[in-house]
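Report on the structure given below.
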Amino acid sequence: MKNWNRLALIVALAAVFLIRGNKGFAQGKMLYYNTVDSLSFGQRFSLRTNLASWVELTPNFGVEFTLGARNWSRWTLGLYGRANWKTKLQQDAPYNVYDMYDARLQLRKYWHERDPKNTGKKVRRSFYWGVYAGVNKFDVKFGYQGYRGNGYIGGLMVGTIQQLYGYKNGASLDLDLGLNGGVLFASKMETYHREHTADRLNTSYVVDKTENNTLVTKTLPMLASMDVLHVGLVYHFGTIVANRYKRRIDIDDAYRILLAEKKMRLDSLERVHRKQKAARRDSLAEVSYEKRFESQRKDIEEEYQRREAELIKQREQFLKEEKEAEERKKRAEEKAKAEAEEKAAKAKADEEEAQRKAEDAKKKAEQRAAARAAAANKKKK
């Protein structure tokens, strides 16, 4: 029975410890997750289209979703498709053909360009890289040979997003400039050419070769399937690019200041209420209310200015430490470079010294040989 009581006591103490630990952990998370600039579900969507494909008379459309409801959420998942199929007449076989259909999933990671001078100016450009994979159906011919078939596409993408216009509702219209690269794996691909019929009045396509389950290396179908050049328009719902894909440290720093200011306002209001109550009590005792209220107001302003100065000082200290860390890193690199140059110079000097000694030894050997030769000739004479 005593053992059971001890076990129950241990379990109770562990539960109390866990509850307190979870409470502290939750309070810690508030600083990083309960930010004012959180994204709603609708604000995490954006619509896009590629103008380069429209120039090719290929309608296309895409939708992108941010994987996270915070401003430091940099990963997005998108669905993009385009279709321009069977644009030629069925009874004719034109010389040039461009029929394309594909659908792909895109995973991107964004980041902002830095503000090295800490000017606080909103950065309206962001960059991204990502991967994509999808399926396509193609029929392209610009020249003697054409290629058609079904396949799978996949590869990498890089690019940049630049804000063009900001709407009053907080949304923005952006320019997307990017490049795509990758591979095309065809489950079936036919190589064909165009021939005239026997009566020379019509034309038809003749298949030259059929390949199954092959990695396509022909330039024309690869470039057409990759959608290499991306010049697009993007409509971001809810918030402009300058408020997206932020660095985590910037958001945390801004939120710390926000919490400090909020606490300062609450403390100031509480002080005002306390002093107002004291003033009313003093007025009953025939004390000058106006004089005490003015004194209270000055005290509040001085307290507010003092706390604001502390916040500014903390901010400057943080920037100073960051700058000192960069300078230490730079000095370490310069020191390593100087040591490397010193070692190289020393090695070169040692090599020159060894070469000089070798030359001196060679000269001495030649002199001794000449002396012996002269002695031998003198002896013969």
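Identifiers for the structure tokens are assigned positionally: chains receive A, B, ... in sequence, residues are indexed from 1 per chain, and ligands are indexed from 1 in the order shown.
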
At a cut-off of 6 Å, using only C-alpha atoms, what residues contact Ser172 (chain A)? Leave out same-chain residues fewer than 4 positions from it and give the result as a ChimeraX atom specification.
/A:165-167,235-236,240

Writing out the chosen residues with N, CA and C atoms as an mmCIF file, in the first residue's frame:
```
data_model
loop_
_atom_site.group_PDB
_atom_site.id
_atom_site.type_symbol
_atom_site.label_atom_id
_atom_site.label_comp_id
_atom_site.auth_asym_id
_atom_site.auth_seq_id
_atom_site.Cartn_x
_atom_site.Cartn_y
_atom_site.Cartn_z
ATOM 1 N N TYR A 165 2.095 46.985 -58.784
ATOM 2 C CA TYR A 165 1.019 47.872 -58.337
ATOM 3 C C TYR A 165 0.400 47.317 -57.069
ATOM 4 N N GLY A 166 0.130 48.199 -56.123
ATOM 5 C CA GLY A 166 -0.521 47.803 -54.884
ATOM 6 C C GLY A 166 -1.950 48.321 -54.834
ATOM 7 N N TYR A 167 -2.905 47.457 -54.539
ATOM 8 C CA TYR A 167 -4.317 47.838 -54.487
ATOM 9 C C TYR A 167 -4.685 48.344 -53.091
ATOM 10 N N TYR A 235 -1.071 37.811 -59.106
ATOM 11 C CA TYR A 235 -1.962 38.590 -58.250
ATOM 12 C C TYR A 235 -1.946 37.968 -56.861
ATOM 13 N N HIS A 236 -1.357 38.706 -55.903
ATOM 14 C CA HIS A 236 -1.297 38.246 -54.518
ATOM 15 C C HIS A 236 -2.512 38.775 -53.764
ATOM 16 N N ILE A 240 0.896 42.791 -49.801
ATOM 17 C CA ILE A 240 1.886 43.028 -50.841
ATOM 18 C C ILE A 240 3.140 42.197 -50.593
#
```

Within 9 Å of region 103-112 of chain A, counting only C-alpha atoms, which residues show up once you throw out same-chain ones fewer than 4 positions away? Write them as a PyMOL selection string, please.
chain A and resi 64+73-83+123-136+153-154+157-158+160+242+244-247

If you run DSSP on this backbone, which residues of region 132-254 of chain A come out as strand (DSSP E), and could you give them as a ChimeraX atom specification?
/A:132-141,145-166,172-196,203-215,229-236

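In this model, the gap between CA of Lys343 (chain A) and CA of Glu326 (chain A) comes to 25.9 Å.
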
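Relative to CA of Gly151 (chain A), CA of Thr219 (chain A) is found at 14.9 Å.
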
Env of His193 (chain A): 10 Å cut, atoms = only C-alpha atoms, seq-sep filter 4 positions within chain, self excluded. Answer as a ChimeraX atom specification.
/A:95,141,143-147,204-208

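Note that the spacing between CA of Gly155 (chain A) and CA of Leu215 (chain A) amounts to 13.4 Å.
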
What's the 12 Å shell around Arg307 (chain A), counting only C-alpha atoms, without same-chain residues fewer than 2 positions away, as a PyMOL selection string?
chain A and resi 257+260-265+267-268+300-305+309-314

Would you mind telling me which residue in A:Phe293, A:Phe61, A:Phe237, A:Phe138 lies nearest to Leu39 (chain A) when using only C-alpha atoms?
A:Phe237

Pick from A:Glu333, A:Asp299, A:Asp99, A:Glu342 nearest to Pro221 (chain A), counting only C-alpha atoms:
A:Asp99

Please identify the helix (DSSP H, G or I) residues within region 169-363 of chain A (assignment by DSSP from backbone atoms) and present them as a ChimeraX atom specification.
/A:219-226,241-243,248-284,289-363
